[in-house]
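Text of the file protein-v2.txt, holding compact mmCIF, C-alpha atoms:
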```
# COMPACT_ATOMS: atom_id res chain seq x y z
CA MET I 1 33.03 86.75 -150.73
CA PRO I 2 31.42 89.30 -153.05
CA ARG I 3 30.09 92.45 -151.45
CA THR I 4 26.48 91.55 -152.21
CA SER I 5 26.76 88.13 -150.54
CA ARG I 6 28.39 89.62 -147.40
CA ALA I 7 25.63 92.13 -147.11
CA ALA I 8 23.00 89.45 -147.54
CA ALA I 9 24.60 87.28 -144.84
CA ALA I 10 24.86 90.21 -142.45
CA PHE I 11 21.25 91.30 -142.81
CA ARG I 12 19.52 88.02 -143.54
CA PRO I 13 16.30 87.50 -141.62
CA GLY I 14 15.68 84.21 -139.70
CA LEU I 15 17.80 81.86 -137.61
CA SER I 16 20.98 79.94 -138.26
CA THR I 17 21.14 76.19 -137.66
CA VAL I 18 23.16 76.68 -134.49
CA GLU I 19 20.56 79.09 -133.12
CA THR I 20 17.75 76.71 -133.96
CA LEU I 21 19.50 73.77 -132.32
CA ALA I 22 20.31 75.83 -129.23
CA ALA I 23 16.66 76.83 -128.89
CA LEU I 24 15.53 73.22 -129.29
CA ALA I 25 18.07 72.04 -126.71
CA LEU I 26 16.82 74.65 -124.24
CA LEU I 27 13.24 73.58 -124.88
CA ALA I 28 14.19 69.95 -124.27
CA VAL I 29 15.89 70.86 -121.00
CA VAL I 30 12.81 72.78 -119.82
CA MET I 31 10.53 69.85 -120.69
CA ALA I 32 12.85 67.37 -118.97
CA SER I 33 12.79 69.51 -115.85
CA THR I 34 9.01 69.03 -115.61
CA MET I 35 9.45 65.27 -115.06
CA PRO I 36 10.08 65.61 -111.31
CA VAL I 37 6.74 67.43 -111.05
CA PHE I 38 4.97 64.32 -112.35
CA VAL I 39 6.86 62.08 -109.96
CA ARG I 40 6.04 64.36 -107.03
CA HIS I 41 2.39 64.48 -108.03
CA GLY I 42 2.22 60.68 -108.03
CA ARG I 43 3.78 60.56 -104.57
CA LEU I 44 1.30 63.11 -103.25
CA LEU I 45 -1.57 61.05 -104.61
CA ALA I 46 -0.23 57.90 -102.95
CA ASP I 47 0.22 59.82 -99.69
CA SER I 48 -3.38 61.03 -99.71
CA ARG I 49 -4.57 57.45 -100.33
CA GLN I 50 -2.49 56.20 -97.41
CA GLU I 51 -3.83 58.97 -95.16
CA ARG I 52 -7.40 57.90 -95.92
CA VAL I 53 -6.64 54.26 -95.19
CA ALA I 54 -4.89 55.25 -91.94
CA ILE I 55 -7.79 57.43 -90.78
CA GLU I 56 -10.24 54.60 -91.51
CA GLU I 57 -7.99 52.10 -89.76
CA LEU I 58 -7.93 54.13 -86.55
CA ALA I 59 -11.70 54.68 -86.68
CA ASN I 60 -12.22 50.92 -87.22
CA GLN I 61 -9.94 49.99 -84.32
CA ALA I 62 -11.82 52.49 -82.13
CA ALA I 63 -15.12 50.84 -83.12
CA TRP I 64 -13.71 47.42 -82.16
CA LEU I 65 -12.63 48.76 -78.78
CA VAL I 66 -16.00 50.40 -78.14
CA ALA I 67 -17.82 47.11 -78.85
CA LEU I 68 -15.45 45.03 -76.73
CA PRO I 69 -16.51 43.89 -73.23
CA VAL I 70 -14.59 45.70 -70.52
CA ASP I 71 -12.92 42.52 -69.23
CA ARG I 72 -11.32 41.86 -72.66
CA ARG I 73 -10.07 45.40 -73.21
CA ALA I 74 -6.62 45.02 -71.63
CA ALA I 75 -5.84 41.86 -73.59
CA ALA I 76 -7.05 43.45 -76.83
CA LEU I 77 -4.87 46.51 -76.30
CA ALA I 78 -1.85 44.32 -75.60
CA THR I 79 -2.28 42.42 -78.87
CA LEU I 80 -3.27 45.37 -81.04
CA ALA I 81 -2.23 44.94 -84.69
CA PRO I 82 -3.10 46.65 -87.98
CA SER I 83 -5.89 45.07 -90.04
CA ALA I 84 -5.18 43.20 -93.27
CA VAL I 85 -6.18 46.24 -95.36
CA ALA I 86 -3.90 48.57 -93.39
CA ALA I 87 -1.01 46.10 -93.49
CA ARG I 88 -1.45 45.83 -97.27
CA ARG I 89 -1.80 49.54 -97.99
CA LEU I 90 0.51 51.07 -95.38
CA PRO I 91 4.08 49.78 -95.69
CA GLY I 92 5.62 48.96 -92.31
CA ALA I 93 2.42 49.84 -90.42
CA GLU I 94 2.70 49.74 -86.63
CA LEU I 95 -0.27 50.24 -84.33
CA THR I 96 0.25 51.09 -80.69
CA ALA I 97 -2.01 52.28 -77.90
CA THR I 98 -1.51 54.20 -74.68
CA ARG I 99 -4.12 53.99 -71.98
CA GLY I 100 -4.80 56.16 -68.99
CA PRO I 101 -7.64 57.27 -66.73
CA SER I 102 -9.46 60.52 -67.37
CA PRO I 103 -12.51 62.23 -65.84
CA LEU I 104 -14.55 61.06 -68.86
CA GLY I 105 -13.59 57.36 -68.52
CA ASP I 106 -10.85 55.14 -69.86
CA ARG I 107 -8.81 57.24 -72.30
CA VAL I 108 -7.10 55.22 -75.05
CA VAL I 109 -4.87 56.90 -77.63
CA LEU I 110 -4.28 54.86 -80.78
CA ASN I 111 -1.13 55.66 -82.76
CA LEU I 112 -0.53 54.48 -86.29
CA ALA I 113 2.92 54.87 -87.88
CA TRP I 114 4.07 53.69 -91.28
CA HIS I 115 6.85 54.26 -93.80
CA ALA I 116 5.96 57.71 -95.13
CA THR I 117 7.59 61.10 -94.85
CA GLY I 118 7.26 62.22 -91.23
CA ARG I 119 4.89 59.43 -90.20
CA ARG I 120 7.47 57.58 -88.10
CA GLU I 121 8.20 60.68 -86.00
CA HIS I 122 4.60 61.93 -85.98
CA PRO I 123 2.19 58.99 -86.16
CA LEU I 124 -1.50 59.52 -86.84
CA SER I 125 -3.36 59.48 -83.50
CA LEU I 126 -6.93 59.04 -82.37
CA ALA I 127 -8.13 59.35 -78.77
CA VAL I 128 -11.10 57.23 -77.64
CA TRP I 129 -12.93 57.54 -74.33
CA LEU I 130 -14.35 54.20 -73.19
CA PRO I 131 -16.50 53.44 -70.16
CA ALA I 132 -14.24 53.11 -67.12
CA PRO I 133 -13.68 49.49 -66.02
CA PRO I 134 -15.07 48.45 -62.65
CA GLU I 135 -12.72 48.51 -59.67
CA GLY I 136 -10.21 45.62 -59.78
CA THR I 137 -10.36 45.14 -63.58
CA PRO I 138 -6.94 45.51 -65.30
CA MET J 139 13.87 95.21 -154.33
CA LYS J 140 16.84 95.66 -151.99
CA ARG J 141 20.14 94.17 -153.04
CA PHE J 142 20.48 91.63 -150.21
CA HIS J 143 17.04 90.23 -150.93
CA HIS J 144 17.93 89.28 -154.44
CA PRO J 145 17.23 85.55 -154.99
CA LEU J 146 20.65 85.01 -156.46
CA HIS J 147 22.38 86.14 -153.23
CA ARG J 148 20.01 84.52 -150.67
CA ARG J 149 21.82 82.15 -148.26
CA GLY J 150 19.88 78.91 -147.73
CA MET J 151 20.43 75.82 -145.59
CA THR J 152 22.37 72.77 -146.63
CA LEU J 153 20.65 69.40 -146.75
CA VAL J 154 22.50 68.28 -143.60
CA GLU J 155 21.31 71.35 -141.70
CA VAL J 156 17.73 70.79 -142.78
CA LEU J 157 17.84 67.11 -141.78
CA LEU J 158 19.47 67.95 -138.46
CA THR J 159 16.83 70.56 -137.65
CA ILE J 160 13.99 68.25 -138.66
CA THR J 161 15.38 65.45 -136.47
CA ALA J 162 15.79 67.71 -133.46
CA SER J 163 12.33 69.24 -133.97
CA THR J 164 10.78 65.78 -134.25
CA MET J 165 12.41 64.71 -131.01
CA VAL J 166 11.26 67.82 -129.16
CA VAL J 167 7.73 67.53 -130.52
CA GLY J 168 7.68 63.85 -129.54
CA VAL J 169 8.79 64.57 -126.00
CA ALA J 170 6.31 67.45 -125.72
CA GLY J 171 3.48 65.24 -126.99
CA GLY J 172 4.42 62.50 -124.53
CA LEU J 173 4.49 64.95 -121.67
CA LEU J 174 1.14 66.40 -122.64
CA HIS J 175 -0.41 62.95 -122.94
CA ARG J 176 1.00 61.95 -119.57
CA ALA J 177 -0.20 65.19 -117.95
CA LEU J 178 -3.73 64.67 -119.25
CA ARG J 179 -3.82 61.04 -118.09
CA LEU J 180 -2.44 62.02 -114.70
CA GLU J 181 -5.06 64.74 -114.34
CA ALA J 182 -7.87 62.29 -115.11
CA ALA J 183 -6.43 59.62 -112.81
CA SER J 184 -5.93 62.11 -109.98
CA ARG J 185 -9.45 63.42 -110.29
CA GLY J 186 -10.88 59.88 -110.17
CA ALA J 187 -8.66 58.77 -107.31
CA LEU J 188 -9.40 61.80 -105.16
CA GLN J 189 -13.12 61.46 -105.83
CA GLY J 190 -12.90 57.80 -104.77
CA GLU J 191 -11.06 58.69 -101.56
CA ARG J 192 -13.56 61.40 -100.69
CA THR J 193 -16.49 59.09 -101.43
CA ALA J 194 -14.99 56.37 -99.23
CA LEU J 195 -14.71 58.77 -96.30
CA VAL J 196 -18.28 60.04 -96.73
CA LEU J 197 -19.58 56.46 -97.05
CA ALA J 198 -17.74 55.41 -93.88
CA ARG J 199 -19.21 58.30 -91.90
CA GLN J 200 -22.72 57.56 -93.18
CA VAL J 201 -22.53 53.81 -92.47
CA ARG J 202 -21.22 54.39 -88.93
CA ALA J 203 -23.98 56.89 -88.21
CA ASP J 204 -26.68 54.57 -89.58
CA ILE J 205 -25.45 51.53 -87.65
CA ARG J 206 -25.02 53.47 -84.41
CA ALA J 207 -28.67 54.56 -84.61
CA ALA J 208 -29.98 51.14 -85.72
CA ARG J 209 -32.34 48.80 -83.92
CA THR J 210 -31.40 45.85 -86.14
CA VAL J 211 -28.74 45.37 -88.79
CA ALA J 212 -28.90 42.63 -91.43
CA CYS J 213 -25.72 41.62 -93.28
CA THR J 214 -24.93 39.62 -96.41
CA ALA J 215 -24.97 36.36 -94.44
CA ASP J 216 -28.55 37.03 -93.24
CA GLY J 217 -30.00 36.10 -96.62
CA LEU J 218 -30.45 39.56 -98.11
CA PRO J 219 -31.41 39.91 -101.79
CA ALA J 220 -28.47 39.61 -104.17
CA ASP J 221 -28.04 43.34 -104.77
CA VAL J 222 -28.56 44.40 -101.14
CA VAL J 223 -25.32 44.72 -99.19
CA LEU J 224 -26.64 46.01 -95.88
CA ARG J 225 -30.05 46.62 -94.36
CA VAL J 226 -30.37 48.86 -91.35
CA GLN J 227 -33.58 49.32 -89.39
CA PRO J 228 -33.54 52.50 -87.31
CA ALA J 229 -36.02 52.98 -84.48
CA GLY J 230 -39.17 54.75 -85.65
CA GLU J 231 -38.09 55.21 -89.25
CA ALA J 232 -38.20 53.30 -92.51
CA ALA J 233 -35.42 50.80 -93.19
CA ILE J 234 -32.21 51.97 -94.82
CA VAL J 235 -30.92 49.75 -97.62
CA TYR J 236 -27.43 49.85 -99.11
CA ARG J 237 -27.75 48.48 -102.62
CA ALA J 238 -24.83 47.53 -104.88
CA VAL J 239 -25.05 49.22 -108.27
CA ARG J 240 -22.67 49.58 -111.18
CA GLY J 241 -19.85 51.81 -109.98
CA GLY J 242 -20.63 51.83 -106.27
CA LEU J 243 -23.38 51.81 -103.69
CA VAL J 244 -26.76 53.50 -103.31
CA ARG J 245 -28.30 54.26 -99.93
CA GLU J 246 -32.09 54.18 -100.06
CA GLN J 247 -34.66 55.06 -97.45
CA ALA J 248 -38.39 55.48 -97.83
CA ILE J 249 -39.57 58.93 -96.81
CA PRO J 250 -43.12 60.32 -96.44
CA ALA J 251 -45.41 60.79 -99.45
CA ASN J 252 -44.35 57.46 -100.99
CA ARG J 253 -40.97 58.80 -102.00
CA ILE J 254 -37.55 57.22 -101.66
CA ALA J 255 -34.45 59.19 -100.67
CA ARG J 256 -31.44 57.99 -102.61
CA GLU J 257 -27.80 58.83 -102.05
CA ALA J 258 -25.20 57.45 -104.46
CA PHE J 259 -21.61 56.64 -103.58
CA SER J 260 -19.70 56.33 -106.86
CA PHE J 261 -16.17 55.04 -107.31
CA PRO J 262 -13.85 55.33 -110.33
CA ALA J 263 -13.63 51.52 -110.62
CA ALA J 264 -16.00 48.62 -110.07
CA VAL J 265 -16.03 47.79 -106.34
CA ARG J 266 -17.52 44.62 -104.86
CA PHE J 267 -19.11 45.18 -101.46
CA GLU J 268 -20.18 42.81 -98.72
CA SER J 269 -21.11 43.21 -95.08
CA VAL J 270 -19.72 40.98 -92.36
CA ARG J 271 -21.04 40.37 -88.86
CA GLY J 272 -18.62 40.70 -85.97
CA ASP J 273 -18.70 40.67 -82.20
CA GLY J 274 -20.84 43.72 -81.53
CA VAL J 275 -19.75 45.30 -84.80
CA VAL J 276 -20.62 45.23 -88.48
CA SER J 277 -17.98 45.56 -91.20
CA LEU J 278 -18.63 46.85 -94.69
CA VAL J 279 -15.84 45.64 -96.97
CA GLY J 280 -15.27 46.81 -100.54
CA THR J 281 -12.51 45.83 -102.94
CA GLY J 282 -11.97 46.75 -106.57
CA GLY J 283 -9.78 48.46 -109.13
CA GLY J 284 -6.17 47.56 -109.69
CA GLU J 285 -6.78 45.96 -113.10
CA PRO J 286 -5.37 47.56 -116.28
CA GLY J 287 -7.55 50.52 -117.20
CA GLU J 288 -9.34 50.50 -113.84
CA GLY J 289 -7.01 52.84 -112.00
CA PRO J 290 -5.41 52.22 -108.60
CA PRO J 291 -6.84 49.48 -106.33
CA ILE J 292 -9.61 50.50 -103.96
CA ASP J 293 -9.74 49.01 -100.47
CA ILE J 294 -12.55 50.03 -98.17
CA GLU J 295 -13.20 48.61 -94.73
CA VAL J 296 -15.66 50.30 -92.41
CA VAL J 297 -16.14 48.82 -88.95
CA ALA J 298 -19.13 50.24 -87.08
CA ALA J 299 -20.09 49.47 -83.49
CA LEU J 300 -23.73 48.64 -82.83
CA GLY J 301 -25.59 51.06 -80.60
CA ALA J 302 -26.95 50.13 -77.19
CA GLY J 303 -29.81 47.60 -77.47
CA ALA J 304 -29.21 46.93 -81.16
CA ARG J 305 -28.94 43.42 -82.53
CA LEU J 306 -27.83 41.65 -85.68
CA GLY J 307 -30.24 39.96 -88.09
CA GLU J 308 -33.44 40.82 -89.93
CA ASP J 309 -35.95 43.03 -88.15
CA GLN J 310 -38.76 41.11 -86.43
CA PRO J 311 -41.96 43.16 -86.55
```

Rewrite the structure from the file as structure tokens, please.
Amino acid sequence: MPRTSRAAAAFRPGLSTVETLAALALLAVVMASTMPVFVRHGRLLADSRQERVAIEELANQAAWLVALPVDRRAAALATLAPSAVAARRLPGAELTATRGPSPLGDRVVLNLAWHATGRREHPLSLAVWLPAPPEGTP
Amino acid sequence: MKRFHHPLHRRGMTLVEVLLTITASTMVVGVAGGLLHRALRLEAASRGALQGERTALVLARQVRADIRAARTVACTADGLPADVVLRVQPAGEAAIVYRAVRGGLVREQAIPANRIAREAFSFPAAVRFESVRGDGVVSLVGTGGGEPGEGPPIDIEVVAALGAGARLGEDQP
């Protein structure tokens, strides 16, 4: 190679093809790594929607229990089931209730679990205090 | 002019190098554009969805409070006008009317000085509302969305227990 060409190659400004391609590859890797962020965002959005439906479901069940005559309360608690909306929106929804006396009346704790991260181990709960049933009522 | 800048000694790129670079650049720009488009759509969808969730919670709280304090509650089956979803008559106050409008519900109540207080509950998609009578309760049910371009489906069900002494049906003066 002539001296002038060697000098030009050594001091040329700009990027070689390899450098350009390496930079583009790095850029592509960085952009691809943002994809999980989108997926996670979508999951968070779905989780917040499910939380709202679950909160409403527990409040609705509490309203049903409040309006129920005392003599039908035990049977209603035994056959407690998620509503159609909750069953549709919360995969694997399970509604349970625990009942016990308290100084304020009949204390019922509603628990709603569904297939979501941590919601099987820690179901959403709502405590309701209902008028105590008369003596002899189950 | 310096020697290595002389046009005769300038090193250029071959045609293959140029084509390779253009192809790679096009791909990267395409991916970047797709990501940007997706990010913008996601941002808009998230904003709408979260606003809808928040509105649903506020609406549920308001409906429960109104029905708990009501003397009479009239539902869709009680022959309300076509655009009225729920009519609640509190004791000693003007009636509260939940009216279906484009994009949601409006709560209206006459207040002194011939004015009407209006509160709008807007959703990102068209939601159809109806009220249903139950055994000592009233349910407000809303469904909508889920169609292409309408965003995620919206399911609203608010069950509210009637207060003591309240009854279902139109108010009898």

key: Between atom CA of I:Val39 and atom CA of J:Phe261 - distance in Å to one decimal   = 24.2 Å

task = Could you please select, counting all atoms listed in the file, the residues of chain J within 9 Å of chain I and state them as an MDAnalysis selection string?
result = chainID J and resid 141:144 147:149 151 155:156 158:159 162:163 165:166 169:170 173 176:177 180 184 187:188 191:192 194:195 198 273:275 277 293:301

inquiry  = Just the number, please: distance in Å from atom CA of J:Gly283 to atom CA of J:Ser260, one decimal.
reply    =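 Atom-to-atom, atom CA of J:Gly283 to atom CA of J:Ser260, that is 12.9 Å.
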
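Atom CA of J:Glu268 to atom CA of I:Ala81 spans 22.9 Å [interatomic distance, one decimal].
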
request  = Mind checking which residues fall within 8 Å of J:Gln189, counting only C-alpha atoms, ignoring those fewer than 4 positions away in the same chain, and posting them as a count of residues only?
outcome  = 4

N, CA, C and O atoms are needed for stretch 97-115 of chain I; please write them out as a PDB file, keeping the file's coordinate frame.
```
ATOM      1  N   ALA I  97      -0.977  51.587 -78.679  1.00  0.00           N
ATOM      2  CA  ALA I  97      -2.010  52.280 -77.900  1.00  0.00           C
ATOM      3  C   ALA I  97      -1.448  52.641 -76.532  1.00  0.00           C
ATOM      4  O   ALA I  97      -0.663  51.892 -75.942  1.00  0.00           O
ATOM      5  N   THR I  98      -1.825  53.812 -76.058  1.00  0.00           N
ATOM      6  CA  THR I  98      -1.510  54.200 -74.680  1.00  0.00           C
ATOM      7  C   THR I  98      -2.829  54.413 -73.961  1.00  0.00           C
ATOM      8  O   THR I  98      -3.791  54.925 -74.551  1.00  0.00           O
ATOM      9  N   ARG I  99      -2.856  53.998 -72.710  1.00  0.00           N
ATOM     10  CA  ARG I  99      -4.120  53.990 -71.980  1.00  0.00           C
ATOM     11  C   ARG I  99      -3.931  54.718 -70.648  1.00  0.00           C
ATOM     12  O   ARG I  99      -2.876  54.581 -70.009  1.00  0.00           O
ATOM     13  N   GLY I 100      -4.901  55.460 -70.272  1.00  0.00           N
ATOM     14  CA  GLY I 100      -4.800  56.160 -68.990  1.00  0.00           C
ATOM     15  C   GLY I 100      -6.166  56.621 -68.532  1.00  0.00           C
ATOM     16  O   GLY I 100      -7.079  56.791 -69.355  1.00  0.00           O
ATOM     17  N   PRO I 101      -6.336  56.822 -67.235  1.00  0.00           N
ATOM     18  CA  PRO I 101      -7.640  57.270 -66.730  1.00  0.00           C
ATOM     19  C   PRO I 101      -7.869  58.749 -67.042  1.00  0.00           C
ATOM     20  O   PRO I 101      -6.919  59.507 -67.218  1.00  0.00           O
ATOM     21  N   SER I 102      -9.112  59.105 -67.164  1.00  0.00           N
ATOM     22  CA  SER I 102      -9.460  60.520 -67.370  1.00  0.00           C
ATOM     23  C   SER I 102     -10.826  60.740 -66.731  1.00  0.00           C
ATOM     24  O   SER I 102     -11.553  59.766 -66.477  1.00  0.00           O
ATOM     25  N   PRO I 103     -11.197  61.975 -66.476  1.00  0.00           N
ATOM     26  CA  PRO I 103     -12.510  62.230 -65.840  1.00  0.00           C
ATOM     27  C   PRO I 103     -13.670  61.693 -66.670  1.00  0.00           C
ATOM     28  O   PRO I 103     -14.751  61.436 -66.155  1.00  0.00           O
ATOM     29  N   LEU I 104     -13.460  61.513 -67.981  1.00  0.00           N
ATOM     30  CA  LEU I 104     -14.550  61.060 -68.860  1.00  0.00           C
ATOM     31  C   LEU I 104     -14.577  59.529 -69.010  1.00  0.00           C
ATOM     32  O   LEU I 104     -15.441  58.998 -69.695  1.00  0.00           O
ATOM     33  N   GLY I 105     -13.628  58.824 -68.408  1.00  0.00           N
ATOM     34  CA  GLY I 105     -13.590  57.360 -68.520  1.00  0.00           C
ATOM     35  C   GLY I 105     -12.193  56.876 -68.810  1.00  0.00           C
ATOM     36  O   GLY I 105     -11.212  57.520 -68.455  1.00  0.00           O
ATOM     37  N   ASP I 106     -12.126  55.755 -69.510  1.00  0.00           N
ATOM     38  CA  ASP I 106     -10.850  55.140 -69.860  1.00  0.00           C
ATOM     39  C   ASP I 106     -10.365  55.770 -71.168  1.00  0.00           C
ATOM     40  O   ASP I 106     -10.978  55.573 -72.212  1.00  0.00           O
ATOM     41  N   ARG I 107      -9.265  56.530 -71.093  1.00  0.00           N
ATOM     42  CA  ARG I 107      -8.810  57.240 -72.300  1.00  0.00           C
ATOM     43  C   ARG I 107      -7.744  56.393 -73.013  1.00  0.00           C
ATOM     44  O   ARG I 107      -6.711  56.080 -72.425  1.00  0.00           O
ATOM     45  N   VAL I 108      -8.036  56.025 -74.252  1.00  0.00           N
ATOM     46  CA  VAL I 108      -7.100  55.220 -75.050  1.00  0.00           C
ATOM     47  C   VAL I 108      -6.684  56.047 -76.267  1.00  0.00           C
ATOM     48  O   VAL I 108      -7.541  56.565 -76.993  1.00  0.00           O
ATOM     49  N   VAL I 109      -5.375  56.185 -76.437  1.00  0.00           N
ATOM     50  CA  VAL I 109      -4.870  56.900 -77.630  1.00  0.00           C
ATOM     51  C   VAL I 109      -4.251  55.884 -78.565  1.00  0.00           C
ATOM     52  O   VAL I 109      -3.303  55.181 -78.202  1.00  0.00           O
ATOM     53  N   LEU I 110      -4.800  55.780 -79.761  1.00  0.00           N
ATOM     54  CA  LEU I 110      -4.280  54.860 -80.780  1.00  0.00           C
ATOM     55  C   LEU I 110      -3.306  55.614 -81.667  1.00  0.00           C
ATOM     56  O   LEU I 110      -3.614  56.737 -82.112  1.00  0.00           O
ATOM     57  N   ASN I 111      -2.151  55.038 -81.905  1.00  0.00           N
ATOM     58  CA  ASN I 111      -1.130  55.660 -82.760  1.00  0.00           C
ATOM     59  C   ASN I 111      -0.807  54.734 -83.920  1.00  0.00           C
ATOM     60  O   ASN I 111      -0.522  53.555 -83.704  1.00  0.00           O
ATOM     61  N   LEU I 112      -0.848  55.277 -85.115  1.00  0.00           N
ATOM     62  CA  LEU I 112      -0.530  54.480 -86.290  1.00  0.00           C
ATOM     63  C   LEU I 112       0.637  55.133 -87.041  1.00  0.00           C
ATOM     64  O   LEU I 112       0.543  56.283 -87.466  1.00  0.00           O
ATOM     65  N   ALA I 113       1.737  54.384 -87.145  1.00  0.00           N
ATOM     66  CA  ALA I 113       2.920  54.870 -87.880  1.00  0.00           C
ATOM     67  C   ALA I 113       3.182  53.947 -89.056  1.00  0.00           C
ATOM     68  O   ALA I 113       2.894  52.754 -88.983  1.00  0.00           O
ATOM     69  N   TRP I 114       3.699  54.507 -90.117  1.00  0.00           N
ATOM     70  CA  TRP I 114       4.070  53.690 -91.280  1.00  0.00           C
ATOM     71  C   TRP I 114       5.183  54.390 -92.047  1.00  0.00           C
ATOM     72  O   TRP I 114       5.527  55.535 -91.720  1.00  0.00           O
ATOM     73  N   HIS I 115       5.733  53.700 -93.032  1.00  0.00           N
ATOM     74  CA  HIS I 115       6.850  54.260 -93.800  1.00  0.00           C
ATOM     75  C   HIS I 115       6.321  55.335 -94.756  1.00  0.00           C
ATOM     76  O   HIS I 115       5.936  55.043 -95.873  1.00  0.00           O
TER      77      HIS I 115
END
```
